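So this one's coords.txt, compact mmCIF, C-alpha atoms:
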# COMPACT_ATOMS: atom_id res chain seq x y z
CA MET A 1 38.20 4.40 34.67
CA VAL A 2 40.90 2.35 32.99
CA ASN A 3 40.26 1.93 29.28
CA ALA A 4 42.15 -1.34 28.89
CA SER A 5 42.18 -4.35 31.18
CA PRO A 6 44.48 -3.59 34.16
CA THR A 7 46.48 -6.73 33.40
CA THR A 8 46.86 -5.75 29.75
CA TRP A 9 48.00 -2.29 30.82
CA ILE A 10 50.59 -3.84 33.17
CA SER A 11 51.95 -6.09 30.44
CA GLU A 12 52.20 -3.23 27.95
CA ARG A 13 53.79 -0.82 30.41
CA ALA A 14 56.27 -3.52 31.52
CA THR A 15 57.29 -4.05 27.91
CA ARG A 16 57.91 -0.33 27.44
CA LEU A 17 60.09 -0.38 30.56
CA GLY A 18 62.26 -3.11 29.03
CA PHE A 19 60.84 -6.22 30.63
CA ALA A 20 60.62 -9.33 28.45
CA MET A 21 57.46 -10.62 30.16
CA ALA A 22 54.97 -9.67 32.84
CA GLY A 23 52.05 -11.48 34.42
CA VAL A 24 49.61 -11.26 37.30
CA ALA A 25 48.56 -13.99 39.73
CA ARG A 26 46.27 -14.10 42.71
CA ALA A 27 48.15 -14.16 46.01
CA GLU A 28 47.56 -17.73 47.09
CA LYS A 29 49.28 -20.62 48.86
CA PHE A 30 50.32 -22.43 45.71
CA PRO A 31 51.06 -26.17 46.01
CA GLU A 32 54.77 -25.74 45.26
CA LEU A 33 55.13 -23.42 48.26
CA LEU A 34 53.77 -26.09 50.59
CA ARG A 35 56.55 -28.51 49.58
CA GLN A 36 59.30 -26.18 50.76
CA PRO A 37 59.40 -27.52 54.37
CA GLU A 38 60.24 -31.03 53.16
CA TRP A 39 63.14 -29.69 51.06
CA LEU A 40 64.41 -27.74 54.03
CA ALA A 41 64.08 -30.75 56.34
CA ARG A 42 66.48 -32.66 54.10
CA GLY A 43 69.11 -30.02 54.75
CA TYR A 44 69.34 -29.03 51.10
CA ALA A 45 69.39 -25.30 51.92
CA GLY A 46 72.76 -25.55 53.63
CA GLU A 47 73.59 -22.32 55.44
CA MET A 48 70.84 -20.30 53.73
CA LYS A 49 68.79 -19.84 56.89
CA TYR A 50 66.67 -17.13 55.28
CA LEU A 51 64.96 -19.82 53.21
CA SER A 52 63.38 -21.11 56.42
CA ASP A 53 61.36 -17.91 56.81
CA LYS A 54 57.77 -19.15 57.17
CA ARG A 55 56.49 -16.16 55.22
CA ARG A 56 57.86 -17.76 52.05
CA SER A 57 54.99 -20.27 52.04
CA ASP A 58 52.22 -17.67 51.99
CA PRO A 59 52.22 -14.26 50.21
CA GLN A 60 49.72 -13.05 52.84
CA ALA A 61 52.46 -13.31 55.44
CA ALA A 62 54.78 -11.14 53.35
CA LEU A 63 52.14 -8.42 52.91
CA PRO A 64 48.95 -8.70 54.98
CA GLY A 65 45.89 -8.09 52.82
CA VAL A 66 47.72 -8.80 49.57
CA GLN A 67 45.37 -9.62 46.71
CA SER A 68 47.58 -9.75 43.63
CA VAL A 69 51.13 -10.55 42.60
CA ILE A 70 52.75 -8.87 39.60
CA VAL A 71 55.79 -10.72 38.26
CA CYS A 72 58.15 -9.26 35.65
CA ALA A 73 61.07 -10.89 33.82
CA LEU A 74 64.13 -8.94 32.66
CA THR A 75 66.54 -10.60 30.23
CA TYR A 76 70.27 -10.41 31.06
CA ASN A 77 71.72 -12.66 28.37
CA THR A 78 74.48 -10.87 26.43
CA GLU A 79 76.22 -11.85 23.21
CA HIS A 80 79.33 -13.19 24.97
CA PRO A 81 80.09 -16.95 24.81
CA ARG A 82 78.55 -19.51 27.12
CA THR A 83 80.58 -21.52 29.63
CA HIS A 84 81.51 -24.39 27.32
CA GLN A 85 82.48 -22.03 24.51
CA ALA A 86 84.70 -19.96 26.78
CA PHE A 87 86.46 -22.93 28.35
CA ALA A 88 87.08 -24.47 24.94
CA ASP A 89 89.48 -21.56 24.38
CA LEU A 90 90.87 -21.56 27.91
CA ASN A 91 94.16 -23.29 27.14
CA ASP A 92 95.06 -20.78 24.46
CA ALA A 93 94.16 -17.83 26.69
CA SER A 94 96.07 -19.35 29.60
CA GLU A 95 99.20 -19.50 27.50
CA ARG A 96 98.85 -15.83 26.58
CA GLY A 97 97.76 -14.24 29.82
CA GLY A 98 97.60 -16.87 32.52
CA PRO A 99 94.71 -18.98 33.80
CA ARG A 100 91.27 -17.40 33.91
CA GLY A 101 88.09 -17.95 35.86
CA TRP A 102 84.35 -17.96 35.20
CA ILE A 103 81.89 -15.52 36.71
CA SER A 104 78.21 -16.17 36.11
CA ARG A 105 76.93 -13.94 33.32
CA TYR A 106 74.27 -12.36 35.52
CA ALA A 107 77.06 -10.83 37.65
CA TRP A 108 79.16 -9.30 34.85
CA GLY A 109 77.54 -5.89 35.11
CA ASP A 110 75.67 -3.80 37.65
CA ASP A 111 73.73 -5.13 40.60
CA TYR A 112 70.51 -6.51 39.14
CA HIS A 113 68.65 -5.81 42.37
CA GLU A 114 68.92 -2.08 41.76
CA VAL A 115 68.23 -2.27 38.03
CA LEU A 116 65.10 -4.33 38.66
CA ARG A 117 63.91 -2.18 41.52
CA GLU A 118 64.12 1.01 39.49
CA LYS A 119 62.02 -0.47 36.69
CA LEU A 120 59.50 -2.00 39.09
CA GLN A 121 59.15 1.30 40.90
CA MET A 122 58.33 3.01 37.61
CA LEU A 123 55.74 0.33 36.90
CA LEU A 124 54.24 0.78 40.36
CA ASN A 125 54.17 4.57 39.94
CA GLY A 126 52.20 4.13 36.73
CA LEU A 127 49.86 1.69 38.43
CA ARG A 128 49.08 4.25 41.11
CA GLU A 129 48.22 6.79 38.41
CA GLN A 130 45.85 4.28 36.81
CA HIS A 131 44.24 3.34 40.13
CA PRO A 132 43.88 6.46 42.31
CA GLN A 133 42.24 4.61 45.19
CA PRO A 134 44.64 3.93 48.09
CA PHE A 135 46.37 0.56 48.04
CA GLU A 136 49.50 -0.96 49.52
CA ALA A 137 52.32 -2.45 47.51
CA ARG A 138 55.73 -3.94 48.17
CA ILE A 139 58.55 -4.50 45.68
CA TYR A 140 60.86 -7.50 45.88
CA THR A 141 63.91 -8.07 43.71
CA ASP A 142 65.22 -11.35 45.07
CA THR A 143 65.27 -9.57 48.41
CA GLY A 144 62.26 -10.76 50.39
CA PRO A 145 60.43 -13.76 51.88
CA ILE A 146 58.79 -14.93 48.67
CA ASN A 147 59.45 -17.58 46.04
CA GLU A 148 59.61 -15.63 42.79
CA ARG A 149 59.76 -18.67 40.53
CA VAL A 150 56.58 -20.24 41.89
CA LEU A 151 54.72 -16.95 41.67
CA ALA A 152 56.00 -16.46 38.11
CA LYS A 153 54.76 -19.89 37.10
CA HIS A 154 51.25 -19.10 38.31
CA ALA A 155 51.41 -15.71 36.60
CA GLY A 156 51.82 -17.61 33.33
CA LEU A 157 55.49 -16.84 32.68
CA GLY A 158 56.79 -20.40 32.35
CA TRP A 159 57.31 -23.75 34.02
CA LEU A 160 59.73 -24.98 36.66
CA GLY A 161 62.39 -26.98 34.87
CA LYS A 162 64.40 -29.98 35.99
CA ASN A 163 67.19 -27.60 37.02
CA THR A 164 64.61 -25.92 39.34
CA LEU A 165 64.72 -22.65 37.36
CA LEU A 166 61.81 -21.02 35.58
CA LEU A 167 61.86 -21.82 31.85
CA ASN A 168 60.01 -20.06 29.07
CA GLU A 169 59.83 -21.44 25.55
CA ARG A 170 60.43 -18.00 24.03
CA ILE A 171 63.16 -16.50 26.22
CA GLY A 172 64.70 -19.54 27.95
CA SER A 173 65.91 -18.89 31.50
CA PHE A 174 68.49 -16.10 31.35
CA PHE A 175 66.28 -13.54 33.05
CA PHE A 176 65.76 -11.92 36.45
CA LEU A 177 62.41 -11.99 38.21
CA GLY A 178 61.00 -9.00 40.04
CA VAL A 179 57.77 -8.99 42.05
CA ILE A 180 55.22 -6.44 43.21
CA LEU A 181 52.86 -7.58 45.93
CA THR A 182 49.77 -5.40 46.16
CA THR A 183 46.46 -5.16 47.98
CA LEU A 184 44.97 -4.01 44.69
CA GLU A 185 42.71 -6.68 43.22
CA LEU A 186 43.77 -7.30 39.63
CA PRO A 187 42.48 -9.84 37.12
CA PRO A 188 45.06 -12.66 36.84
CA THR A 189 46.81 -13.36 33.57
CA LEU A 190 45.49 -16.93 33.63
CA GLY A 191 41.73 -17.14 33.62
CA SER A 192 39.74 -19.41 35.92
CA SER A 193 39.79 -22.21 33.33
CA GLU A 194 43.48 -21.82 32.45
CA VAL A 195 46.48 -23.55 34.01
CA PRO A 196 50.16 -22.52 34.15
CA PRO A 197 52.32 -23.35 31.12
CA ALA A 198 52.93 -27.07 30.70
CA ASP A 199 56.27 -28.62 31.67
CA ARG A 200 58.17 -28.96 28.39
CA CYS A 201 61.36 -30.53 29.71
CA GLY A 202 60.16 -33.93 28.51
CA SER A 203 62.74 -36.69 28.78
CA CYS A 204 65.67 -34.25 28.56
CA ARG A 205 68.17 -34.43 31.41
CA LYS A 206 71.04 -32.38 29.99
CA CYS A 207 71.12 -30.10 33.05
CA ILE A 208 71.30 -33.04 35.43
CA ASP A 209 74.04 -34.83 33.53
CA ALA A 210 76.11 -31.66 33.01
CA CYS A 211 76.30 -30.55 36.65
CA PRO A 212 79.95 -31.07 37.71
CA THR A 213 79.11 -31.47 41.40
CA GLU A 214 75.95 -33.58 40.92
CA ALA A 215 73.89 -30.98 42.76
CA LEU A 216 70.74 -31.91 40.83
CA ILE A 217 70.19 -35.13 42.71
CA GLU A 218 67.04 -35.92 40.74
CA PRO A 219 64.78 -34.04 38.32
CA TYR A 220 63.41 -30.87 39.95
CA VAL A 221 65.40 -31.39 43.17
CA LEU A 222 68.53 -29.37 43.94
CA ASP A 223 70.85 -30.06 46.86
CA ALA A 224 72.14 -26.51 47.19
CA ARG A 225 75.02 -27.68 49.36
CA LYS A 226 76.62 -29.14 46.23
CA CYS A 227 75.68 -26.33 43.86
CA ILE A 228 78.61 -24.24 42.58
CA SER A 229 76.53 -21.08 42.95
CA TYR A 230 75.95 -21.86 46.62
CA LEU A 231 79.56 -22.87 47.23
CA THR A 232 81.05 -19.76 45.64
CA ILE A 233 78.54 -17.22 47.00
CA GLU A 234 76.53 -18.39 50.02
CA LEU A 235 78.97 -20.65 51.84
CA ARG A 236 81.15 -18.57 54.15
CA GLY A 237 83.69 -21.11 55.35
CA SER A 238 86.00 -23.50 53.56
CA ILE A 239 84.63 -25.36 50.55
CA PRO A 240 84.46 -29.14 51.16
CA GLU A 241 87.50 -30.75 49.57
CA PRO A 242 85.60 -33.38 47.52
CA LEU A 243 83.81 -30.54 45.68
CA ARG A 244 86.85 -28.40 44.91
CA GLU A 245 88.13 -30.15 41.82
CA PRO A 246 84.63 -30.49 40.26
CA MET A 247 84.21 -26.73 40.69
CA GLY A 248 86.92 -26.18 38.09
CA GLN A 249 87.62 -22.49 37.58
CA HIS A 250 84.29 -21.08 38.70
CA LEU A 251 84.66 -17.96 40.82
CA PHE A 252 81.13 -16.65 41.34
CA GLY A 253 78.03 -18.60 40.44
CA CYS A 254 77.58 -21.11 37.66
CA ASP A 255 75.71 -21.13 34.33
CA ILE A 256 76.24 -24.73 33.25
CA CYS A 257 72.70 -26.05 33.80
CA GLN A 258 71.37 -23.09 31.83
CA ASP A 259 74.03 -23.19 29.13
CA VAL A 260 73.20 -26.78 28.19
CA CYS A 261 69.43 -26.29 28.30
CA PRO A 262 67.89 -26.64 24.80
CA TRP A 263 65.46 -23.84 25.61
CA ASN A 264 68.41 -21.45 25.84
CA ARG A 265 69.73 -22.15 22.35
CA HIS A 266 68.07 -19.10 20.87
CA THR A 267 67.45 -16.84 23.83
CA PRO A 268 67.16 -13.10 23.16
CA ILE A 269 70.26 -10.94 23.54
CA THR A 270 70.15 -7.77 25.62
CA ARG A 271 72.13 -4.65 24.80
CA THR A 272 71.33 -3.14 28.19
CA ARG A 273 74.47 -1.34 29.32
CA GLU A 274 74.03 -2.36 32.97
CA PHE A 275 74.40 -6.06 32.14
CA GLN A 276 77.51 -5.82 29.95
CA PRO A 277 80.83 -6.99 31.48
CA ARG A 278 82.41 -4.32 33.66
CA PRO A 279 85.88 -3.21 32.52
CA PHE A 280 88.61 -3.09 35.17
CA GLY A 281 92.38 -3.09 35.43
CA ARG A 282 95.43 -2.34 37.53
CA GLN A 283 96.10 1.21 38.59
CA SER A 284 95.80 3.80 41.31
CA ALA A 285 92.91 4.04 43.70
CA ALA A 286 91.87 7.36 42.13
CA ALA A 287 91.65 5.79 38.70
CA THR A 288 89.91 2.74 40.11
CA ALA A 289 87.05 4.95 41.20
CA GLU A 290 86.49 5.90 37.56
CA ARG A 291 85.43 2.29 36.89
CA GLU A 292 86.83 2.05 33.36
CA PHE A 293 90.52 1.94 32.41
CA THR A 294 93.06 -0.09 30.48
CA LEU A 295 95.48 -2.71 31.67
CA ASP A 296 99.13 -2.01 32.15
CA GLU A 297 100.11 -4.70 29.64
CA LYS A 298 102.98 -4.62 27.18
CA ASP A 299 100.95 -6.32 24.47
CA GLY A 300 98.29 -3.59 24.52
CA ALA A 301 95.62 -5.91 25.90
CA SER A 302 92.06 -4.68 26.11
CA PRO A 303 90.65 -3.75 29.54
CA GLU A 304 90.19 -6.55 32.05
CA THR A 305 86.52 -7.38 32.48
CA LEU A 306 84.39 -9.69 34.57
CA PHE A 307 83.97 -11.90 31.52
CA TRP A 308 86.65 -14.53 31.93
CA PRO A 309 89.02 -12.50 34.20
CA ARG A 310 92.63 -13.43 34.88
CA LEU A 311 93.02 -15.25 38.17
CA ASP A 312 96.32 -13.64 39.20
CA TRP A 313 94.72 -10.19 38.80
CA LEU A 314 91.83 -11.09 41.11
CA ALA A 315 94.09 -12.88 43.60
CA SER A 316 96.14 -9.69 44.03
CA LEU A 317 93.15 -7.53 45.05
CA SER A 318 93.20 -6.10 48.55
CA GLN A 319 90.06 -5.70 50.64
CA SER A 320 90.11 -2.00 49.78
CA ASP A 321 90.41 -2.79 46.05
CA PHE A 322 87.50 -5.21 46.33
CA SER A 323 85.25 -2.69 48.07
CA LYS A 324 85.93 0.02 45.49
CA MET A 325 85.80 -2.12 42.37
CA PHE A 326 82.71 -4.13 43.22
CA ARG A 327 80.58 -1.33 44.58
CA GLY A 328 77.22 -1.69 42.83
CA SER A 329 78.08 -5.21 41.64
CA PRO A 330 76.43 -8.52 42.61
CA ILE A 331 79.91 -9.85 43.41
CA LYS A 332 80.04 -7.84 46.60
CA ARG A 333 77.79 -10.51 48.14
CA THR A 334 80.58 -13.06 48.31
CA LYS A 335 82.82 -10.54 50.09
CA TRP A 336 86.58 -10.24 49.60
CA ARG A 337 87.32 -13.33 51.63
CA GLY A 338 84.95 -15.48 49.58
CA LEU A 339 86.26 -14.25 46.25
CA ILE A 340 89.91 -14.81 47.21
CA ARG A 341 89.03 -18.29 48.49
CA ASN A 342 87.35 -19.09 45.18
CA VAL A 343 90.23 -17.68 43.15
CA CYS A 344 92.71 -19.83 45.08
CA LEU A 345 90.73 -22.99 44.33
CA ALA A 346 90.44 -22.02 40.66
CA LEU A 347 94.22 -21.56 40.54
CA GLY A 348 94.63 -25.00 42.05
CA ASN A 349 92.46 -26.41 39.25
CA SER A 350 94.22 -24.49 36.48
CA LYS A 351 96.91 -27.10 35.68
CA LEU A 352 99.51 -24.33 35.80
CA LEU A 353 103.00 -25.36 34.70
CA ARG A 354 106.31 -23.74 35.70
CA ASP A 355 107.28 -22.96 32.13
CA SER A 356 104.12 -20.89 31.59
CA ALA A 357 104.46 -17.13 31.40
CA ALA A 358 102.14 -16.62 34.36
CA PHE A 359 103.88 -18.96 36.79
CA GLU A 360 105.99 -16.39 38.61
CA ARG A 361 103.15 -13.88 38.83
CA ILE A 362 100.87 -16.47 40.38
CA ALA A 363 103.55 -17.78 42.72
CA THR A 364 104.08 -14.21 43.92
CA VAL A 365 100.40 -13.69 44.82
CA LEU A 366 99.90 -17.14 46.33
CA ARG A 367 102.77 -16.93 48.81
CA PRO A 368 101.26 -14.25 51.06
CA LEU A 369 97.79 -15.77 50.75
CA ALA A 370 99.13 -19.14 51.91
CA ALA A 371 100.56 -17.36 54.96
CA SER A 372 97.37 -15.37 55.64
CA LYS A 373 96.07 -15.14 59.20
CA ASP A 374 92.61 -15.93 57.83
CA PRO A 375 92.34 -19.74 58.08
CA VAL A 376 89.93 -20.04 55.14
CA ILE A 377 92.19 -18.06 52.80
CA SER A 378 95.43 -19.66 53.95
CA GLU A 379 94.05 -23.19 53.70
CA SER A 380 92.58 -22.54 50.25
CA ALA A 381 95.84 -21.01 49.02
CA GLN A 382 97.87 -23.90 50.44
CA TRP A 383 95.55 -26.31 48.63
CA ALA A 384 96.19 -24.43 45.39
CA VAL A 385 99.94 -24.52 45.99
CA SER A 386 99.87 -28.27 46.63
CA ARG A 387 97.95 -28.83 43.40
CA ILE A 388 100.33 -26.70 41.36
CA GLN A 389 103.39 -28.29 42.94
CA ALA A 390 102.02 -31.70 42.05
CA ASN A 391 102.61 -30.65 38.43
CA GLU A 392 106.13 -29.36 39.12
CA ALA A 393 109.20 -30.35 41.09
CA SER A 394 110.02 -26.75 42.05
CA PRO A 395 108.10 -25.52 45.11
CA ILE A 396 106.18 -22.24 45.17
CA VAL A 397 106.23 -21.99 48.95
CA SER A 398 109.42 -22.76 50.79
CA GLN A 399 109.20 -25.67 53.19
CA SER A 400 111.76 -24.11 55.55

Translate the structure of the given file into structure tokens.
Amino acid sequence: MVNASPTTWISERATRLGFAMAGVARAEKFPELLRQPEWLARGYAGEMKYLSDKRRSDPQAALPGVQSVIVCALTYNTEHPRTHQAFADLNDASERGGPRGWISRYAWGDDYHEVLREKLQMLLNGLREQHPQPFEARIYTDTGPINERVLAKHAGLGWLGKNTLLLNERIGSFFFLGVILTTLELPPTLGSSEVPPADRCGSCRKCIDACPTEALIEPYVLDARKCISYLTIELRGSIPEPLREPMGQHLFGCDICQDVCPWNRHTPITRTREFQPRPFGRQSAAATAEREFTLDEKDGASPETLFWPRLDWLASLSQSDFSKMFRGSPIKRTKWRGLIRNVCLALGNSKLLRDSAAFERIATVLRPLAASKDPVISESAQWAVSRIQANEASPIVSQS
């Protein structure tokens, strides 16, 4: 027999494992799941064909016989500045070390899929000890045919905000969601007379107004085809030209709609090592494998990290460099080609001037990229060159 309520035990064990929240919901066809086909029919998913998987509308399809859904939230917010704070200092940093780019804070450290999975597996192991009768279970860490945010809402963890993310009045939205589907029947966090947390967005529309590409076409509706996260990560080809300038210097993902959200003003800070910015730098392949090293800089600069990295450093990475350096990192999803494409566009948006210290370094890395046999890379690099040359009379790439 279990002394405490199974749901209470899950919440307490999840807390000891480092999760900020945990809840249980019955595995049902929730109303929000049934609206997914309409969103897909509008083409808002872009190239994300996996979102059309019909199993996403019914947890039973993901795990036949499923009775309960356990949802856990893991905070990834670190003490480093938000987007607007970092870019407020961009001009000064550009003068000192060249233009820099923004990587979404969730991708600064280790691959969250693995961090989440390890913790969820420990939770599941404990659950099996508490409930010796045979039952099936399946762990998902943003990896399967389920909608984590909808399940989390009905597990009592928050509401779906106008930016389409799950919001919680205590911890905001800077957290990952992990799910355990199980055939074990567990009492839900919300009783039969309770409803999910109320929508507390009110009349606020800061996320909508702040989106540079106008991806939030109306409250609670995202056109992913315009979203910077989609453009920099999911889209495999060339980025549509009208969206390039609004993307600014984003390289992987975007935090803007979260950064401006009032519910994220006082979000908890995590000291978890796995989510701190990875340090990198320039040196031999053998040293690269060690993961941490210092830059070869005359001014004794601190190690390069994924917080606000220099664009010329990233643009100079080879495919081999990329594979070694981003092993175990979320950034591997965009692949080398996607990252270089994004870096080129960020360089084109950097307002680089010839009299800046970084001009020659950047010109040196852009020339071979502009001549690349890969049409996506070459076209993106040529776009960057044309933007930079619009600021200067002296060409970077010879016209001969």

Check: Which one is closest to Ser52 of chain A: A:Ala315, A:Ile70, A:Leu167, A:Leu40? Count all atoms listed in the file.
Finding: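 Nearest to Ser52 of chain A: A:Leu40.
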
Taking all atoms listed in the file into account, produce a table as CSV in which each residue of segment 91-186 of chain A with an atom at most 9 Å from an atom of segment 220-233 of chain A appears once, together with its shortest atom pair and the distance in Å to one decimal, ordered by chain and rising number.
residue,atom,partner,partner_atom,distance
A:Ser104,CA,A:Ser229,CA,8.6
A:Leu160,CA,A:Tyr220,CA,7.7
A:Gly161,CA,A:Tyr220,CA,6.5
A:Lys162,CA,A:Tyr220,CA,4.2
A:Asn163,CA,A:Tyr220,CA,5.8
A:Thr164,CA,A:Tyr220,CA,5.1
A:Leu165,CA,A:Tyr220,CA,8.7

Item checked: Close residues, Leu186 of chain A itself excluded, 7 Å, all atoms listed in the file, min 5 positions apart in chain, as an MDAnalysis selection string -> chainID A and resid 6:7 68

Next item on the list: Compare A:Ile388, A:Ile146, A:Leu306, A:Leu157 by their minimum atom-to-atom distance to Leu33 of chain A, counting only C-alpha atoms, and give me the closest one.
Entry: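 Smallest distance to Leu33 of chain A is found for A:Ile146.
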
Check: Skipping near chain neighbours, those fewer than 6 positions away, what residues fall within 10 Å of Leu34 of chain A using all atoms listed in the file, listed as a PyMOL selection string?
Finding: chain A and resi 56-58

Store the residues picked out above, limited to C-alpha atoms, as an mmCIF file, in the coordinates of the input.
data_model
loop_
_atom_site.group_PDB
_atom_site.id
_atom_site.type_symbol
_atom_site.label_atom_id
_atom_site.label_comp_id
_atom_site.auth_asym_id
_atom_site.auth_seq_id
_atom_site.Cartn_x
_atom_site.Cartn_y
_atom_site.Cartn_z
ATOM 1 C CA ARG A 56 57.860 -17.760 52.050
ATOM 2 C CA SER A 57 54.990 -20.270 52.040
ATOM 3 C CA ASP A 58 52.220 -17.670 51.990
#

Margin query: For a test of reading the model, state the distance in Å between atom CA of Leu151 of chain A and atom CA of Thr75 of chain A, rounded to one decimal.
Written below: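 The value is 17.6 Å.
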
Note to self: Taking all atoms listed in the file into account, name the residue in A:Trp336, A:Gly126, A:Pro145, A:Ala73 that is nearest to Asp53 of chain A.
What the structure shows: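 Checking each of A:Trp336, A:Gly126, A:Pro145, A:Ala73 against Asp53 of chain A, counting all atoms listed in the file, the winner is A:Pro145.
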
Next item on the list: Check the smallest atom-to-atom distance from each of A:Arg273, A:Lys119, A:Arg244, A:Arg387 to Tyr76 of chain A using only C-alpha atoms, then report the winner.
Entry: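 For Tyr76 of chain A, the nearest of the given residues is A:Arg273.
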
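Our summary of the geometry notes that atom CA of Glu241 of chain A is positioned 26.4 Å from atom CA of Ser356 of chain A.
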
Notebook entry, point to check: Neighbours of segment 204-210 of chain A within 8 Å (only C-alpha atoms; same-chain residues fewer than 6 positions away dropped), as a PyMOL selection string?
Noted result: chain A and resi 162-163+216-219+256-258+260-261
